[in-house]
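Raw contents of coords-v6.cif, mmCIF, C-alpha atoms:
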```cif
data_coords
loop_
_atom_site.label_atom_id
_atom_site.label_comp_id
_atom_site.auth_asym_id
_atom_site.auth_seq_id
_atom_site.Cartn_x
_atom_site.Cartn_y
_atom_site.Cartn_z
CA MET A 288 0.00 0.00 0.00
CA LYS A 289 2.81 2.43 0.89
CA LYS A 290 4.59 1.53 -2.31
CA PHE A 291 1.48 2.24 -4.32
CA LEU A 292 1.01 5.60 -2.56
CA LYS A 293 4.61 6.60 -3.34
CA ILE A 294 4.16 5.71 -7.00
CA PHE A 295 0.91 7.68 -7.10
CA LEU A 296 2.55 10.76 -5.54
CA VAL A 297 5.45 10.57 -8.01
CA ILE A 298 3.00 10.44 -10.91
CA VAL A 299 1.09 13.44 -9.50
CA VAL A 300 4.31 15.43 -9.13
CA ILE A 301 5.41 14.56 -12.67
CA LEU A 302 2.02 15.53 -14.11
CA THR A 303 2.03 18.76 -12.11
CA VAL A 304 5.45 19.69 -13.47
CA ILE A 305 4.38 18.85 -17.03
CA CYS A 306 1.21 20.94 -16.66
CA PHE A 307 3.20 23.81 -15.18
CA PHE A 308 5.60 23.96 -18.12
CA PHE A 309 2.77 23.45 -20.62
CA ILE A 310 0.76 26.33 -19.19
CA ARG A 311 3.83 28.55 -18.89
CA ASN A 312 4.65 27.87 -22.53
CA LEU A 313 1.12 28.88 -23.52
CA ALA A 314 1.13 32.08 -21.49
CA GLU A 315 4.67 33.41 -21.76
CA THR A 316 6.09 35.26 -24.73
CA GLY A 317 9.44 36.88 -25.16
CA HIS A 318 7.89 40.30 -24.57
CA GLY A 319 5.05 39.86 -22.10
CA LYS A 320 2.83 37.28 -20.46
CA LEU A 321 -0.62 36.39 -21.69
CA ASN A 322 -3.11 36.00 -18.86
CA THR A 323 -3.02 32.30 -17.92
CA TYR A 324 -6.79 31.86 -17.86
CA VAL A 325 -7.13 33.60 -21.22
CA ALA A 326 -4.30 31.48 -22.67
CA LEU A 327 -5.95 28.25 -21.51
CA ASN A 328 -9.32 29.31 -22.94
CA LEU A 329 -7.79 30.24 -26.29
CA GLN A 330 -5.99 26.90 -26.43
CA LEU A 331 -9.19 25.05 -25.51
CA ASN A 332 -11.04 26.97 -28.20
CA LYS A 333 -8.44 25.90 -30.77
CA LEU A 334 -9.00 22.28 -29.81
CA LEU A 335 -12.80 22.48 -29.77
CA ASN A 336 -13.19 24.88 -32.72
CA PRO A 337 -10.29 24.33 -35.09
CA LYS A 338 -10.07 26.23 -38.35
CA PRO A 339 -12.15 24.21 -40.81
CA SER A 340 -9.41 22.84 -43.06
CA ASN A 341 -11.80 21.87 -45.85
CA ASN A 342 -13.49 25.22 -46.32
CA TYR A 343 -11.39 27.80 -44.46
CA SER A 344 -10.11 28.94 -47.83
CA SER A 345 -13.68 29.78 -48.85
CA ILE A 346 -15.17 33.12 -47.87
CA LYS A 347 -18.22 31.45 -46.35
CA GLY A 348 -16.06 29.18 -44.20
CA THR A 349 -13.78 32.03 -43.15
CA ARG A 350 -16.72 34.21 -42.14
CA LYS A 351 -18.33 31.43 -40.15
CA TYR A 352 -15.08 30.79 -38.30
CA LEU A 353 -14.34 34.48 -37.59
CA ASP A 354 -17.90 35.17 -36.44
CA SER A 355 -17.67 32.23 -34.01
CA GLN A 356 -14.50 33.76 -32.56
CA SER A 357 -16.38 36.99 -31.84
CA ASN A 358 -19.03 35.19 -29.80
CA LYS A 359 -17.27 35.32 -26.43
CA SER A 360 -19.19 38.17 -24.84
CA ASP A 361 -21.18 37.62 -21.66
CA THR A 362 -24.96 37.56 -21.44
CA THR A 363 -26.49 40.40 -23.40
CA ILE A 364 -27.72 43.23 -21.18
CA PRO A 365 -31.42 44.16 -21.46
CA PHE A 366 -32.14 47.00 -23.88
CA SER A 367 -35.64 48.14 -24.78
CA ASN A 368 -35.20 50.40 -27.81
CA ILE A 369 -33.31 48.72 -30.65
CA LYS A 370 -34.25 49.32 -34.27
CA ASN A 371 -32.94 47.58 -37.38
CA THR A 372 -33.31 49.85 -40.38
CA VAL A 373 -31.57 51.03 -43.54
CA ILE A 374 -30.05 54.35 -44.47
CA ASN A 375 -30.72 55.37 -48.05
CA ILE A 376 -27.69 56.85 -49.78
CA ASN A 377 -28.73 57.70 -53.33
CA SER A 378 -29.79 54.31 -54.73
CA TYR A 379 -27.84 52.29 -52.16
CA LYS A 380 -29.12 51.12 -48.78
CA ILE A 381 -26.81 50.66 -45.79
CA PRO A 382 -28.23 48.42 -43.03
CA VAL A 383 -27.80 49.79 -39.50
CA ARG A 384 -28.92 48.91 -35.99
CA ILE A 385 -29.82 51.90 -33.81
CA TYR A 386 -29.71 51.70 -30.00
CA THR A 387 -31.59 54.54 -28.30
CA PRO A 388 -31.42 55.14 -24.52
CA GLN A 389 -34.49 55.68 -22.38
CA GLY A 390 -35.51 59.24 -21.66
CA LYS A 391 -35.64 62.41 -23.68
CA GLY A 392 -32.86 63.71 -25.95
CA LYS A 393 -31.19 65.26 -27.66
CA PHE A 394 -28.85 62.32 -27.17
CA PRO A 395 -25.23 62.33 -28.28
CA ILE A 396 -24.45 59.76 -30.98
CA ILE A 397 -21.78 57.07 -31.43
CA ILE A 398 -21.26 55.51 -34.87
CA TYR A 399 -19.83 52.03 -34.32
CA SER A 400 -17.92 49.91 -36.85
CA HIS A 401 -17.60 46.22 -35.98
CA GLY A 402 -14.45 44.15 -36.33
CA GLY A 403 -14.00 41.10 -38.52
CA PHE A 404 -10.90 41.84 -40.62
CA TRP A 405 -12.98 43.66 -43.25
CA ILE A 406 -14.43 40.35 -44.49
CA ALA A 407 -16.63 39.17 -41.58
CA GLY A 408 -18.57 40.42 -38.56
CA SER A 409 -21.92 42.17 -38.39
CA VAL A 410 -24.20 44.11 -36.10
CA ASN A 411 -25.05 40.74 -34.53
CA THR A 412 -21.49 39.78 -33.56
CA HIS A 413 -21.04 43.10 -31.73
CA ASP A 414 -24.54 43.52 -30.33
CA SER A 415 -23.40 43.14 -26.71
CA VAL A 416 -20.65 45.75 -27.15
CA CYS A 417 -23.07 48.28 -28.62
CA ARG A 418 -25.67 47.71 -25.90
CA LYS A 419 -23.04 48.44 -23.25
CA LEU A 420 -21.77 51.52 -25.08
CA SER A 421 -25.25 52.99 -25.38
CA LYS A 422 -26.31 52.18 -21.83
CA ASN A 423 -23.11 53.44 -20.19
CA THR A 424 -22.80 56.65 -22.23
CA ASN A 425 -26.52 57.46 -22.46
CA ALA A 426 -25.90 57.95 -26.17
CA ILE A 427 -27.52 56.66 -29.34
CA VAL A 428 -25.33 54.01 -30.96
CA ILE A 429 -25.59 53.45 -34.69
CA SER A 430 -23.97 50.12 -35.53
CA VAL A 431 -23.19 49.85 -39.23
CA ASN A 432 -23.46 46.72 -41.39
CA TYR A 433 -20.96 48.06 -43.90
CA ARG A 434 -20.17 46.17 -47.10
CA LEU A 435 -17.65 43.38 -46.71
CA ALA A 436 -14.74 42.29 -48.87
CA PRO A 437 -13.92 40.52 -51.12
CA GLU A 438 -17.28 41.13 -52.81
CA ASN A 439 -16.89 44.82 -51.99
CA PRO A 440 -13.19 45.65 -51.65
CA PHE A 441 -11.61 48.92 -50.47
CA PRO A 442 -12.87 51.64 -50.30
CA ALA A 443 -16.47 50.36 -50.08
CA ALA A 444 -16.50 49.92 -46.29
CA VAL A 445 -14.88 53.31 -45.64
CA ASN A 446 -17.37 55.00 -47.94
CA ASP A 447 -20.27 53.30 -46.14
CA ILE A 448 -19.17 54.53 -42.71
CA TYR A 449 -18.57 58.03 -44.06
CA SER A 450 -22.01 58.03 -45.70
CA VAL A 451 -23.57 57.05 -42.37
CA LEU A 452 -21.66 59.89 -40.69
CA GLN A 453 -23.02 62.37 -43.25
CA TRP A 454 -26.56 61.01 -42.91
CA THR A 455 -26.35 61.14 -39.11
CA TYR A 456 -25.23 64.76 -39.13
CA LYS A 457 -28.03 65.78 -41.48
CA ASN A 458 -30.76 63.70 -39.82
CA ALA A 459 -29.78 63.65 -36.14
CA GLU A 460 -33.00 65.31 -34.99
CA SER A 461 -35.09 62.61 -36.68
CA ILE A 462 -33.57 60.01 -34.31
CA ASN A 463 -33.64 62.35 -31.30
CA GLY A 464 -29.89 62.91 -31.54
CA ASP A 465 -27.50 65.84 -31.21
CA ARG A 466 -25.64 66.55 -34.47
CA ASN A 467 -22.98 68.51 -32.58
CA ARG A 468 -21.98 65.54 -30.43
CA ILE A 469 -21.08 62.68 -32.77
CA ALA A 470 -18.31 60.21 -31.89
CA ILE A 471 -17.01 57.31 -33.92
CA ALA A 472 -15.68 54.04 -32.57
CA GLY A 473 -14.72 50.57 -33.74
CA ASP A 474 -12.64 47.53 -32.95
CA SER A 475 -9.94 45.89 -35.07
CA SER A 476 -10.86 46.46 -38.73
CA GLY A 477 -13.68 48.68 -37.45
CA GLY A 478 -11.04 50.76 -35.68
CA ASN A 479 -9.14 51.03 -38.94
CA LEU A 480 -12.31 52.23 -40.69
CA SER A 481 -13.05 54.73 -37.92
CA ALA A 482 -9.57 56.24 -38.16
CA ALA A 483 -9.92 56.41 -41.95
CA VAL A 484 -13.31 58.12 -41.70
CA SER A 485 -11.84 60.77 -39.38
CA LEU A 486 -9.21 61.52 -42.02
CA MET A 487 -11.86 61.55 -44.75
CA ALA A 488 -14.16 63.89 -42.81
CA ARG A 489 -11.27 66.31 -42.30
CA ASP A 490 -10.09 66.10 -45.92
CA LYS A 491 -13.59 66.60 -47.34
CA ASN A 492 -14.62 69.25 -44.82
CA GLY A 493 -17.28 66.84 -43.63
CA PRO A 494 -19.28 66.63 -40.41
CA PRO A 495 -17.41 67.48 -37.18
CA ILE A 496 -16.46 64.50 -35.01
CA ALA A 497 -16.37 65.07 -31.24
CA CYS A 498 -13.91 62.23 -30.62
CA GLU A 499 -12.93 58.76 -31.76
CA ALA A 500 -12.30 55.54 -29.83
CA LEU A 501 -10.06 53.15 -31.75
CA ILE A 502 -9.86 49.64 -30.34
CA TYR A 503 -6.61 47.89 -31.40
CA PRO A 504 -6.91 49.20 -34.99
CA PRO A 505 -4.66 48.05 -37.87
CA THR A 506 -3.07 51.33 -38.93
CA ASN A 507 -0.53 50.12 -41.50
CA ILE A 508 -1.66 47.34 -43.81
CA TYR A 509 0.95 48.14 -46.46
CA LYS A 510 3.78 46.59 -44.45
CA LEU A 511 3.42 44.44 -41.35
CA ASN A 512 6.85 45.45 -40.13
CA SER A 513 6.48 46.74 -36.55
CA ASN A 514 8.45 44.93 -33.84
CA SER A 515 5.25 43.60 -32.30
CA TRP A 516 4.61 41.51 -35.41
CA SER A 517 7.82 39.61 -34.72
CA TYR A 518 7.08 39.51 -30.97
CA TYR A 519 3.52 38.22 -30.98
CA ALA A 520 2.52 36.90 -34.43
CA ASN A 521 2.94 33.28 -33.39
CA SER A 522 2.01 33.57 -29.73
CA ALA A 523 -1.24 35.52 -29.85
CA LYS A 524 -4.65 35.17 -31.47
CA LEU A 525 -3.64 36.77 -34.79
CA SER A 526 -1.05 35.27 -37.14
CA ILE A 527 0.80 37.19 -39.84
CA GLN A 528 -0.30 34.64 -42.46
CA ASP A 529 -3.97 35.17 -41.64
CA MET A 530 -3.59 38.94 -41.55
CA GLU A 531 -1.92 38.98 -44.96
CA LYS A 532 -4.77 36.88 -46.31
CA TYR A 533 -7.43 39.25 -44.94
CA ILE A 534 -5.60 42.31 -46.24
CA SER A 535 -5.27 40.79 -49.73
CA LEU A 536 -9.04 40.26 -49.80
CA TYR A 537 -9.80 43.77 -48.58
CA VAL A 538 -7.24 45.66 -50.69
CA PRO A 539 -6.16 43.39 -53.57
CA ARG A 540 -3.77 45.92 -55.14
CA LYS A 541 -0.74 46.35 -52.91
CA GLU A 542 -0.17 49.91 -54.09
CA ASP A 543 -3.64 50.87 -52.82
CA ARG A 544 -2.61 49.79 -49.31
CA LYS A 545 -0.50 52.96 -49.09
CA ASN A 546 -3.68 55.03 -49.27
CA PRO A 547 -4.20 56.70 -45.85
CA TYR A 548 -7.84 55.59 -45.92
CA ALA A 549 -6.51 52.01 -45.92
CA SER A 550 -3.41 52.64 -43.77
CA PRO A 551 -4.07 55.70 -41.57
CA LEU A 552 -0.50 55.57 -40.20
CA LEU A 553 0.78 56.49 -43.67
CA ALA A 554 -1.12 59.78 -43.83
CA LYS A 555 1.07 62.82 -44.43
CA ASP A 556 -0.94 65.18 -42.24
CA PHE A 557 -2.42 64.36 -38.82
CA ARG A 558 -3.57 67.85 -37.90
CA LYS A 559 -7.19 68.79 -37.23
CA LEU A 560 -8.24 65.25 -36.33
CA PRO A 561 -10.59 64.62 -33.37
CA ASP A 562 -9.51 63.85 -29.82
CA THR A 563 -8.62 60.18 -29.78
CA LEU A 564 -8.63 57.23 -27.37
CA ILE A 565 -6.62 54.21 -28.51
CA ILE A 566 -7.20 50.86 -26.81
CA VAL A 567 -4.13 48.62 -27.07
CA ALA A 568 -3.87 44.92 -26.21
CA GLU A 569 -0.46 44.11 -24.74
CA ILE A 570 -0.06 40.73 -26.46
CA ASP A 571 -1.11 41.87 -29.92
CA PRO A 572 0.86 42.01 -33.19
CA LEU A 573 -0.82 45.38 -33.80
CA HIS A 574 0.54 46.83 -30.55
CA GLY A 575 3.46 48.61 -32.24
CA GLU A 576 1.50 50.29 -35.01
CA ASP A 577 -1.17 51.44 -32.53
CA ILE A 578 1.48 53.17 -30.41
CA ALA A 579 3.07 54.61 -33.59
CA TYR A 580 -0.31 56.03 -34.64
CA ALA A 581 -0.82 57.60 -31.23
CA ASN A 582 2.60 59.23 -31.48
CA LYS A 583 1.80 60.62 -34.94
CA LEU A 584 -1.36 62.21 -33.56
CA LYS A 585 0.43 63.61 -30.50
CA ASN A 586 3.18 65.12 -32.65
CA ALA A 587 0.49 66.88 -34.69
CA GLY A 588 -0.99 68.43 -31.55
CA ILE A 589 -3.98 66.11 -31.24
CA LYS A 590 -5.21 65.27 -27.74
CA VAL A 591 -4.58 61.52 -27.45
CA LYS A 592 -5.10 59.01 -24.66
CA VAL A 593 -3.59 55.51 -24.90
CA ASN A 594 -4.77 52.67 -22.65
CA VAL A 595 -2.71 49.46 -22.74
CA TYR A 596 -4.37 46.37 -21.23
CA LYS A 597 -1.93 43.86 -19.81
CA GLY A 598 -2.02 40.15 -20.52
CA VAL A 599 -4.68 40.16 -23.24
CA PRO A 600 -4.54 39.44 -26.99
CA HIS A 601 -6.09 41.04 -30.04
CA GLY A 602 -9.87 40.77 -29.97
CA PHE A 603 -10.27 40.89 -26.19
CA ILE A 604 -13.08 43.48 -26.29
CA THR A 605 -15.51 40.67 -27.26
CA MET A 606 -14.08 38.19 -24.71
CA SER A 607 -15.97 39.23 -21.59
CA LYS A 608 -16.76 35.56 -20.88
CA ILE A 609 -13.07 34.83 -20.31
CA THR A 610 -11.48 38.12 -19.19
CA ASN A 611 -12.68 41.04 -17.09
CA LYS A 612 -10.37 43.28 -19.15
CA SER A 613 -13.14 43.40 -21.75
CA ASN A 614 -15.62 45.18 -19.50
CA GLU A 615 -12.81 47.22 -17.96
CA ALA A 616 -11.88 48.55 -21.40
CA LEU A 617 -15.52 49.19 -22.35
CA ASN A 618 -16.06 51.10 -19.12
CA ASP A 619 -12.94 53.16 -19.85
CA ILE A 620 -14.20 53.88 -23.38
CA CYS A 621 -17.59 54.97 -22.05
CA SER A 622 -16.01 57.26 -19.43
CA TYR A 623 -13.81 58.81 -22.10
CA ILE A 624 -16.67 59.40 -24.55
CA ARG A 625 -18.96 60.82 -21.84
CA LYS A 626 -16.25 63.33 -20.89
CA GLU A 627 -15.61 64.26 -24.53
CA PHE A 628 -19.31 64.80 -25.17
CA GLN A 629 -19.38 67.26 -22.27
CA ILE A 630 -16.31 69.04 -23.67
CA SER A 631 -17.85 69.23 -27.14
CA LYS A 632 -20.79 71.20 -25.73
CA TYR A 633 -18.50 74.12 -25.12
CA ARG A 634 -16.39 74.03 -28.28
#
```

As structure tokens, what does this structure read like?
Amino acid sequence: MKKFLKIFLVIVVILTVICFFFIRNLAETGHGKLNTYVALNLQLNKLLNPKPSNNYSSIKGTRKYLDSQSNKSDTTIPFSNIKNTVININSYKIPVRIYTPQGKGKFPIIIYSHGGFWIAGSVNTHDSVCRKLSKNTNAIVISVNYRLAPENPFPAAVNDIYSVLQWTYKNAESINGDRNRIAIAGDSSGGNLSAAVSLMARDKNGPPIACEALIYPPTNIYKLNSNSWSYYANSAKLSIQDMEKYISLYVPRKEDRKNPYASPLLAKDFRKLPDTLIIVAEIDPLHGEDIAYANKLKNAGIKVKVNVYKGVPHGFITMSKITNKSNEALNDICSYIRKEFQISKYR
């Protein structure tokens, strides 16, 4: 019996050591440590929901996979006034979902662009995020179902968001909104589109934007050459091979990727852009270009705030089921936008 107990204890110790090194290998990178719980959940997700090898190369398969990866938000908060509608731009209709708070306006307005690497995502995948934004800012949120690549490559998505911005400014009163307090926000590719629309609005003398909240946006899709791509491309949620694939579908011509509306970091002029909050994930290949974009704005005299969230990967804003950093970041975004809306009253 004692011999058996000793053997059992040895096995337990060996297994414990193996598990320790396995978990450490999952969580540690050469330039930061991924939260252990998040790392384990991401690894479990890979095992339970692997990339579909047979149809991942197809757009339908890719979208299905990416949309499933966005479904890690906690239980949707109750919200009584949600309207699915379309915005008519000439002969084209842009589907939107409008979240309106309770009470009487005029409410400030947030135009939200979902993530999905320009080829996936929808108002459904980011419904929980938009509910929280509206409830915690007491603002109308207009979530945009912009056209997706490759069927509608660059600049279709940018043009859609800009058209919604123009419509919102002209028709704010019809939705009980305040045209003088419009913010734009988005995560991942939606952050890229939001930054591009801010540039476009400035260049075209378009509607004024009170502020922008950019959540880990790709800012340079021409060259994936920041240090963070070498640091995290193989240890985080986003690989360089996948990113190159998504970019090629969104902007097929490499020369077009230099366009500032595709790569905001490559703009020549950063003046007269709105106050900006940039949300950065520590363990994210896009970390470097997000910081570089913030520096470009600061050097141009733009009021910029950068929040870096430790131990989380790209995409964490829709991972509230597995990390409290998601709600922490959303609360920070809401606090920032509320403050900026108050400031914009007096501009």

Exercise. Tell me, in Å to one decimal, how far CA of Asp490 (chain A) is from CA of Gly588 (chain A).
Key: 17.2 Å

Exercise. Go through the shown structure with the PyMOL selection byres ((chain A and resi 498) around 6) and write out the matching residues as JSON, numbers by chain.
Key: {"A": [470, 496, 497, 499, 561, 562, 563]}

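Note that the spacing between CA of Arg489 (chain A) and CA of Tyr386 (chain A) amounts to 26.5 Å.
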
Please write as a PDB file with C-alpha atoms, keeping the file's coordinate frame the list of polymer residues whose atoms come within 6 Å of (-22.9, 55.8, -34.3), counting only C-alpha atoms and keeping to the coordinates of the file.
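Saved result, out_23.pdb, follows:
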```
ATOM      1  CA  ILE A 396     -24.450  59.760 -30.980  1.00  0.00           C
ATOM      2  CA  ILE A 397     -21.780  57.070 -31.430  1.00  0.00           C
ATOM      3  CA  ILE A 398     -21.260  55.510 -34.870  1.00  0.00           C
ATOM      4  CA  TYR A 399     -19.830  52.030 -34.320  1.00  0.00           C
ATOM      5  CA  VAL A 428     -25.330  54.010 -30.960  1.00  0.00           C
ATOM      6  CA  ILE A 429     -25.590  53.450 -34.690  1.00  0.00           C
ATOM      7  CA  SER A 430     -23.970  50.120 -35.530  1.00  0.00           C
TER       8      SER A 430
END
```

Self-check item: Option closest in space to Gly402 (chain A), from A:Asp465, A:Asp474, A:Asp543, A:Glu531 [counting only C-alpha atoms]
Solution: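 Answer, going by the shortest atom-to-atom distance: A:Asp474.
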
Quiz item: Between CA of Ile589 (chain A) and CA of Lys510 (chain A), what is the distance, to one decimal in Å?
Solution: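 Computed distance, CA of Ile589 (chain A) to CA of Lys510 (chain A), equals 24.8 Å.
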
Quiz prompt | Within 10 Å of Pro504 (chain A) using all atoms listed in the file, minus same-chain residues under 3 positions, as a PyMOL selection string | solution = chain A and resi 402+473-482+500-501+507+551+565-567+573-574+576-577+580+601

Practice problem: Just the residues within 12 Å of Val431 (chain A), please, counting only C-alpha atoms, with nothing from its chain fewer than 3 positions along; format it as a PyMOL selection string. | Solution: chain A and resi 371-374+380-386+397-402+408-414+417+428+434-435+444-452+455+471-473+477+480-481

Exercise. Check the smallest atom-to-atom distance from each of A:Trp405, A:Tyr352, A:Phe628, A:Phe603 to Ala426 (chain A) using only C-alpha atoms, then report the winner.
Key: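 Checking each candidate against Ala426 (chain A), we get A:Phe628 as the closest.
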
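If all atoms listed in the file are the atoms counted, then among A:Tyr518, A:Tyr533, A:Phe441, A:Tyr503 the closest residue to Tyr548 (chain A) is A:Phe441.
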
Please provide the set of residues having any atom within 8 Å of Asn368 (chain A), restricted to all atoms listed in the file, with same-chain residues fewer than 4 positions apart removed, written as a compact mmCIF listing (two decimals) with C-alpha atoms, in the frame of the given file.
```txt
# COMPACT_ATOMS: atom_id res chain seq x y z
CA TYR A 386 -29.71 51.70 -30.00
CA THR A 387 -31.59 54.54 -28.30
CA PRO A 388 -31.42 55.14 -24.52
CA GLN A 389 -34.49 55.68 -22.38
```
